[in-house]
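Coordinates as given in data-v3.cif (mmCIF, C-alpha atoms):
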```cif
data_data
loop_
_atom_site.label_atom_id
_atom_site.label_comp_id
_atom_site.auth_asym_id
_atom_site.auth_seq_id
_atom_site.Cartn_x
_atom_site.Cartn_y
_atom_site.Cartn_z
CA MET Q 1 -30.63 20.01 55.83
CA THR Q 2 -29.91 23.40 57.35
CA LEU Q 3 -31.83 24.50 60.41
CA VAL Q 4 -33.56 27.86 60.07
CA ASP Q 5 -32.48 30.46 62.60
CA GLN Q 6 -35.67 31.34 64.46
CA THR Q 7 -34.40 34.86 65.23
CA GLU Q 8 -33.81 35.65 61.56
CA SER Q 9 -36.72 37.34 59.79
CA ARG Q 10 -38.05 36.02 56.53
CA ARG Q 11 -36.77 39.13 54.77
CA ASP Q 12 -33.26 38.65 56.18
CA ARG Q 13 -33.30 34.98 55.22
CA LYS Q 14 -34.36 35.81 51.64
CA ALA Q 15 -31.63 38.46 51.39
CA ARG Q 16 -29.03 35.99 52.67
CA GLU Q 17 -30.19 33.37 50.15
CA MET Q 18 -30.09 35.90 47.28
CA ARG Q 19 -26.60 37.01 48.27
CA ARG Q 20 -25.43 33.41 48.35
CA LYS Q 21 -27.02 32.69 44.93
CA ILE Q 22 -25.20 35.65 43.39
CA LEU Q 23 -21.91 34.65 45.01
CA GLN Q 24 -22.21 31.09 43.76
CA ALA Q 25 -22.81 32.34 40.22
CA ALA Q 26 -19.82 34.67 40.47
CA HIS Q 27 -17.64 31.89 41.86
CA GLU Q 28 -18.59 29.56 39.01
CA LEU Q 29 -17.83 32.20 36.38
CA PHE Q 30 -14.65 33.54 37.95
CA THR Q 31 -13.15 30.06 38.31
CA THR Q 32 -14.04 28.96 34.78
CA ARG Q 33 -13.47 32.17 32.78
CA GLY Q 34 -11.29 34.30 35.03
CA PHE Q 35 -12.14 37.55 36.79
CA ASP Q 36 -11.51 39.94 33.91
CA ALA Q 37 -13.58 37.94 31.39
CA VAL Q 38 -16.74 38.08 33.53
CA THR Q 39 -19.24 40.95 33.54
CA MET Q 40 -21.94 41.78 36.05
CA ASP Q 41 -24.42 40.92 33.28
CA ASP Q 42 -22.90 37.43 33.07
CA ILE Q 43 -23.29 37.00 36.81
CA SER Q 44 -26.90 38.18 36.77
CA HIS Q 45 -27.67 35.77 33.92
CA VAL Q 46 -26.18 32.73 35.68
CA ALA Q 47 -27.78 33.70 39.01
CA ASP Q 48 -31.08 34.27 37.15
CA VAL Q 49 -31.62 37.68 38.72
CA ALA Q 50 -31.88 41.22 37.37
CA ARG Q 51 -28.62 43.09 36.80
CA GLY Q 52 -29.75 45.72 39.32
CA THR Q 53 -30.20 43.04 41.96
CA VAL Q 54 -26.54 42.07 41.61
CA PHE Q 55 -25.53 45.73 42.05
CA ASN Q 56 -27.82 46.07 45.09
CA TYR Q 57 -25.81 43.39 46.86
CA PHE Q 58 -22.38 43.97 45.30
CA PRO Q 59 -21.61 47.41 43.84
CA THR Q 60 -18.39 46.21 42.16
CA LYS Q 61 -16.78 42.99 41.00
CA GLU Q 62 -14.16 43.51 43.71
CA SER Q 63 -16.89 43.47 46.35
CA LEU Q 64 -17.93 40.10 44.93
CA CYS Q 65 -14.39 38.86 45.64
CA GLN Q 66 -14.73 39.95 49.25
CA GLY Q 67 -18.14 38.28 49.40
CA LEU Q 68 -16.60 35.06 48.13
CA GLY Q 69 -14.15 35.19 51.03
CA GLU Q 70 -17.05 35.61 53.45
CA LEU Q 71 -18.91 32.73 51.81
CA HIS Q 72 -15.85 30.53 52.13
CA VAL Q 73 -15.39 31.34 55.81
CA GLY Q 74 -19.07 30.54 56.37
CA GLN Q 75 -18.63 27.15 54.70
CA ILE Q 76 -15.60 26.42 56.88
CA GLN Q 77 -17.52 27.41 60.01
CA GLU Q 78 -20.39 25.07 59.02
CA GLU Q 79 -17.96 22.21 58.51
CA ILE Q 80 -16.30 22.86 61.87
CA ALA Q 81 -19.71 23.05 63.59
CA GLY Q 82 -20.55 19.73 61.89
CA GLY Q 83 -17.60 18.10 63.66
CA CYS Q 84 -15.14 17.67 60.80
CA LEU Q 85 -12.23 18.63 63.06
CA ALA Q 86 -13.29 16.61 66.08
CA GLY Q 87 -10.47 14.54 67.52
CA LYS Q 88 -7.76 15.95 65.30
CA ALA Q 89 -4.46 17.21 66.67
CA PRO Q 90 -3.88 21.00 66.52
CA THR Q 91 -1.37 20.65 63.69
CA GLU Q 92 -3.90 18.61 61.68
CA ARG Q 93 -6.53 21.29 62.28
CA VAL Q 94 -4.27 24.04 60.99
CA GLU Q 95 -3.31 21.97 57.94
CA TRP Q 96 -6.99 21.24 57.23
CA LEU Q 97 -7.89 24.93 57.52
CA MET Q 98 -5.10 25.98 55.16
CA ARG Q 99 -6.13 23.37 52.58
CA ARG Q 100 -9.79 24.44 52.79
CA GLN Q 101 -8.87 28.09 52.30
CA ALA Q 102 -6.91 27.22 49.18
CA MET Q 103 -9.83 25.29 47.67
CA LEU Q 104 -12.43 28.03 47.18
CA PRO Q 105 -11.19 29.84 44.08
CA GLY Q 106 -10.91 26.57 42.17
CA SER Q 107 -7.96 24.74 40.77
CA ASN Q 108 -6.57 27.57 38.65
CA PRO Q 109 -3.84 29.38 40.64
CA GLU Q 110 -3.95 32.43 38.35
CA HIS Q 111 -7.68 32.90 38.92
CA CYS Q 112 -7.11 32.50 42.66
CA ARG Q 113 -4.40 35.18 42.68
CA THR Q 114 -6.57 37.55 40.67
CA LEU Q 115 -9.51 37.18 43.05
CA VAL Q 116 -7.36 37.75 46.11
CA VAL Q 117 -5.55 40.75 44.61
CA ARG Q 118 -8.82 42.38 43.46
CA ALA Q 119 -10.45 41.84 46.86
CA LEU Q 120 -7.47 43.29 48.72
CA ALA Q 121 -7.17 46.23 46.31
CA SER Q 122 -10.65 47.38 47.23
CA LEU Q 123 -9.80 47.68 50.94
CA ARG Q 124 -8.36 50.67 52.72
CA PRO Q 125 -4.74 50.14 53.81
CA GLY Q 126 -4.56 48.38 57.18
CA ASP Q 127 -8.19 47.19 57.15
CA PRO Q 128 -8.38 43.40 56.88
CA PRO Q 129 -11.61 42.00 55.46
CA ALA Q 130 -14.17 41.02 58.11
CA HIS Q 131 -14.01 37.35 57.15
CA LYS Q 132 -10.24 37.29 57.73
CA GLN Q 133 -10.78 38.72 61.21
CA GLN Q 134 -13.10 35.77 61.96
CA ILE Q 135 -10.42 33.25 61.00
#
```

Using the file provided, produce a representation of the structure as structure tokens.
Amino acid sequence: MTLVDQTESRRDRKAREMRRKILQAAHELFTTRGFDAVTMDDISHVADVARGTVFNYFPTKESLCQGLGELHVGQIQEEIAGGCLAGKAPTERVEWLMRRQAMLPGSNPEHCRTLVVRALASLRPGDPPAHKQQI
């Protein structure tokens, strides 16, 4: 059970939940079909939201890739806060982090490469994604 942040407004919480729902749908589709075979309509259908809602949160499929990176970092932070690294040696922590980062895009290396390349292609040169700065 996740504790609700008392400083977060209901509107912000709903927006965060909608964003996560869309990202989870995109992740499921990208890892099963591949990036190029998925449309924004497919994502809206799986997320059970209007197509325009998907575009309100993510104007392009590439922005969905960046959002997936942010989602992944958030999951890692939750696991760390939950104590999954407690008592481990620094080398074990680094190994764990690297393994967790490799797990998000699924088991298909080609799909993983495509997601990473598309996310990076949408950035300006020299600007790392915000979620990479957190790591």

Output check: residues returned by the PyMOL selection byres ((chain Q and resi 26) around 10), as number ranges by chain:
Q: 20-25, 27-32, 35, 38-40, 42-44, 46-47, 61, 64-65, 67-68

Written file, previous selection with C-alpha atoms, as a short mmCIF file (atom, residue, chain, number, x, y, z; two decimals), in the coordinates of the input:
```
data_model
loop_
_atom_site.label_atom_id
_atom_site.label_comp_id
_atom_site.auth_asym_id
_atom_site.auth_seq_id
_atom_site.Cartn_x
_atom_site.Cartn_y
_atom_site.Cartn_z
CA ARG Q 20 -25.43 33.41 48.35
CA LYS Q 21 -27.02 32.69 44.93
CA ILE Q 22 -25.20 35.65 43.39
CA LEU Q 23 -21.91 34.65 45.01
CA GLN Q 24 -22.21 31.09 43.76
CA ALA Q 25 -22.81 32.34 40.22
CA HIS Q 27 -17.64 31.89 41.86
CA GLU Q 28 -18.59 29.56 39.01
CA LEU Q 29 -17.83 32.20 36.38
CA PHE Q 30 -14.65 33.54 37.95
CA THR Q 31 -13.15 30.06 38.31
CA THR Q 32 -14.04 28.96 34.78
CA PHE Q 35 -12.14 37.55 36.79
CA VAL Q 38 -16.74 38.08 33.53
CA THR Q 39 -19.24 40.95 33.54
CA MET Q 40 -21.94 41.78 36.05
CA ASP Q 42 -22.90 37.43 33.07
CA ILE Q 43 -23.29 37.00 36.81
CA SER Q 44 -26.90 38.18 36.77
CA VAL Q 46 -26.18 32.73 35.68
CA ALA Q 47 -27.78 33.70 39.01
CA LYS Q 61 -16.78 42.99 41.00
CA LEU Q 64 -17.93 40.10 44.93
CA CYS Q 65 -14.39 38.86 45.64
CA GLY Q 67 -18.14 38.28 49.40
CA LEU Q 68 -16.60 35.06 48.13
#
```

Check what the PyMOL selection byres ((chain Q and resi 97) around 12) selects in the file above and give those residues as JSON, numbers by chain.
{"Q": [72, 73, 75, 76, 77, 79, 80, 84, 85, 88, 90, 91, 92, 93, 94, 95, 96, 98, 99, 100, 101, 102, 103, 104, 135]}

For a test of reading the model, state the distance in Å between atom CA of Q:Gly82 and atom CA of Q:Ser63, rounded to one decimal.
28.6 Å

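Closest approach to Q:Val49 among Q:Thr114, Q:Gly34, Q:Ala81, Q:Arg19: Q:Arg19, based on all atoms listed in the file.
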
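For the pair atom CA of Q:Glu8 and atom CA of Q:Leu71, the separation is 18.0 Å.
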
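Atom CA of Q:Ala37 is positioned 16.3 Å from atom CA of Q:Ala119.
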
Hey, can I get the axis-aligned box for stretch 15-20 of chain Q? All listed atoms, 3 Å padding on each side, centre and edge lengths in Å to one decimal, as JSON.
```
{"center_x": -28.5, "center_y": 35.9, "center_z": 50.0, "size_x": 12.2, "size_y": 11.1, "size_z": 11.4}
```

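For the choices Q:Ser9, Q:Ala89, Q:Thr60, Q:Glu78, the atom-to-atom distance to Q:Ala121 is smallest for Q:Thr60 when using only C-alpha atoms.
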
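In terms of minimum interatomic distance to Q:Arg16, Q:Gly74 ranks closest within Q:Leu120, Q:Ala50, Q:Gly74, Q:Gly83, counting all atoms listed in the file.
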
Since the input has fewer atoms than a full residue there, write stretch 20-48 of chain Q out with N, CA and C atoms, as a short mmCIF file (atom, residue, chain, number, x, y, z; two decimals), in the coordinates of the input.
```cif
data_model
loop_
_atom_site.label_atom_id
_atom_site.label_comp_id
_atom_site.auth_asym_id
_atom_site.auth_seq_id
_atom_site.Cartn_x
_atom_site.Cartn_y
_atom_site.Cartn_z
N ARG Q 20 -26.15 34.66 48.56
CA ARG Q 20 -25.43 33.41 48.35
C ARG Q 20 -25.58 32.94 46.89
N LYS Q 21 -26.77 33.08 46.33
CA LYS Q 21 -27.02 32.69 44.93
C LYS Q 21 -26.14 33.49 43.98
N ILE Q 22 -26.04 34.79 44.22
CA ILE Q 22 -25.20 35.65 43.39
C ILE Q 22 -23.73 35.27 43.54
N LEU Q 23 -23.30 35.03 44.77
CA LEU Q 23 -21.91 34.65 45.01
C LEU Q 23 -21.57 33.32 44.35
N GLN Q 24 -22.47 32.38 44.40
CA GLN Q 24 -22.21 31.09 43.76
C GLN Q 24 -22.08 31.23 42.25
N ALA Q 25 -22.92 32.08 41.66
CA ALA Q 25 -22.81 32.34 40.22
C ALA Q 25 -21.47 33.00 39.89
N ALA Q 26 -21.09 33.99 40.70
CA ALA Q 26 -19.82 34.67 40.47
C ALA Q 26 -18.65 33.70 40.62
N HIS Q 27 -18.71 32.87 41.64
CA HIS Q 27 -17.64 31.89 41.86
C HIS Q 27 -17.50 30.96 40.65
N GLU Q 28 -18.61 30.46 40.17
CA GLU Q 28 -18.59 29.56 39.01
C GLU Q 28 -17.96 30.25 37.80
N LEU Q 29 -18.36 31.48 37.54
CA LEU Q 29 -17.83 32.20 36.38
C LEU Q 29 -16.38 32.60 36.55
N PHE Q 30 -16.03 33.12 37.72
CA PHE Q 30 -14.65 33.54 37.95
C PHE Q 30 -13.68 32.36 37.83
N THR Q 31 -14.07 31.20 38.33
CA THR Q 31 -13.15 30.06 38.31
C THR Q 31 -13.08 29.40 36.94
N THR Q 32 -14.10 29.56 36.10
CA THR Q 32 -14.04 28.96 34.78
C THR Q 32 -13.49 29.92 33.73
N ARG Q 33 -13.88 31.20 33.80
CA ARG Q 33 -13.47 32.17 32.78
C ARG Q 33 -12.34 33.09 33.22
N GLY Q 34 -12.23 33.31 34.52
CA GLY Q 34 -11.29 34.30 35.03
C GLY Q 34 -12.01 35.60 35.33
N PHE Q 35 -11.50 36.33 36.28
CA PHE Q 35 -12.14 37.55 36.79
C PHE Q 35 -12.41 38.57 35.68
N ASP Q 36 -11.40 38.87 34.89
CA ASP Q 36 -11.51 39.94 33.91
C ASP Q 36 -12.47 39.61 32.76
N ALA Q 37 -12.71 38.34 32.50
CA ALA Q 37 -13.58 37.94 31.39
C ALA Q 37 -15.06 37.89 31.78
N VAL Q 38 -15.37 38.18 33.04
CA VAL Q 38 -16.74 38.08 33.53
C VAL Q 38 -17.32 39.48 33.74
N THR Q 39 -18.56 39.68 33.31
CA THR Q 39 -19.24 40.95 33.54
C THR Q 39 -20.34 40.75 34.58
N MET Q 40 -20.81 41.85 35.11
CA MET Q 40 -21.94 41.78 36.05
C MET Q 40 -23.17 41.23 35.35
N ASP Q 41 -23.32 41.50 34.05
CA ASP Q 41 -24.42 40.92 33.28
C ASP Q 41 -24.33 39.40 33.24
N ASP Q 42 -23.10 38.88 33.07
CA ASP Q 42 -22.90 37.43 33.07
C ASP Q 42 -23.34 36.83 34.40
N ILE Q 43 -22.95 37.49 35.47
CA ILE Q 43 -23.29 37.00 36.81
C ILE Q 43 -24.80 37.02 37.02
N SER Q 44 -25.45 38.11 36.60
CA SER Q 44 -26.90 38.18 36.77
C SER Q 44 -27.60 37.11 35.95
N HIS Q 45 -27.08 36.81 34.77
CA HIS Q 45 -27.67 35.77 33.92
C HIS Q 45 -27.56 34.39 34.58
N VAL Q 46 -26.38 34.05 35.05
CA VAL Q 46 -26.18 32.73 35.68
C VAL Q 46 -26.97 32.63 36.99
N ALA Q 47 -27.03 33.71 37.75
CA ALA Q 47 -27.78 33.70 39.01
C ALA Q 47 -29.29 33.79 38.76
N ASP Q 48 -29.67 34.12 37.53
CA ASP Q 48 -31.08 34.27 37.15
C ASP Q 48 -31.76 35.36 37.96
#
```
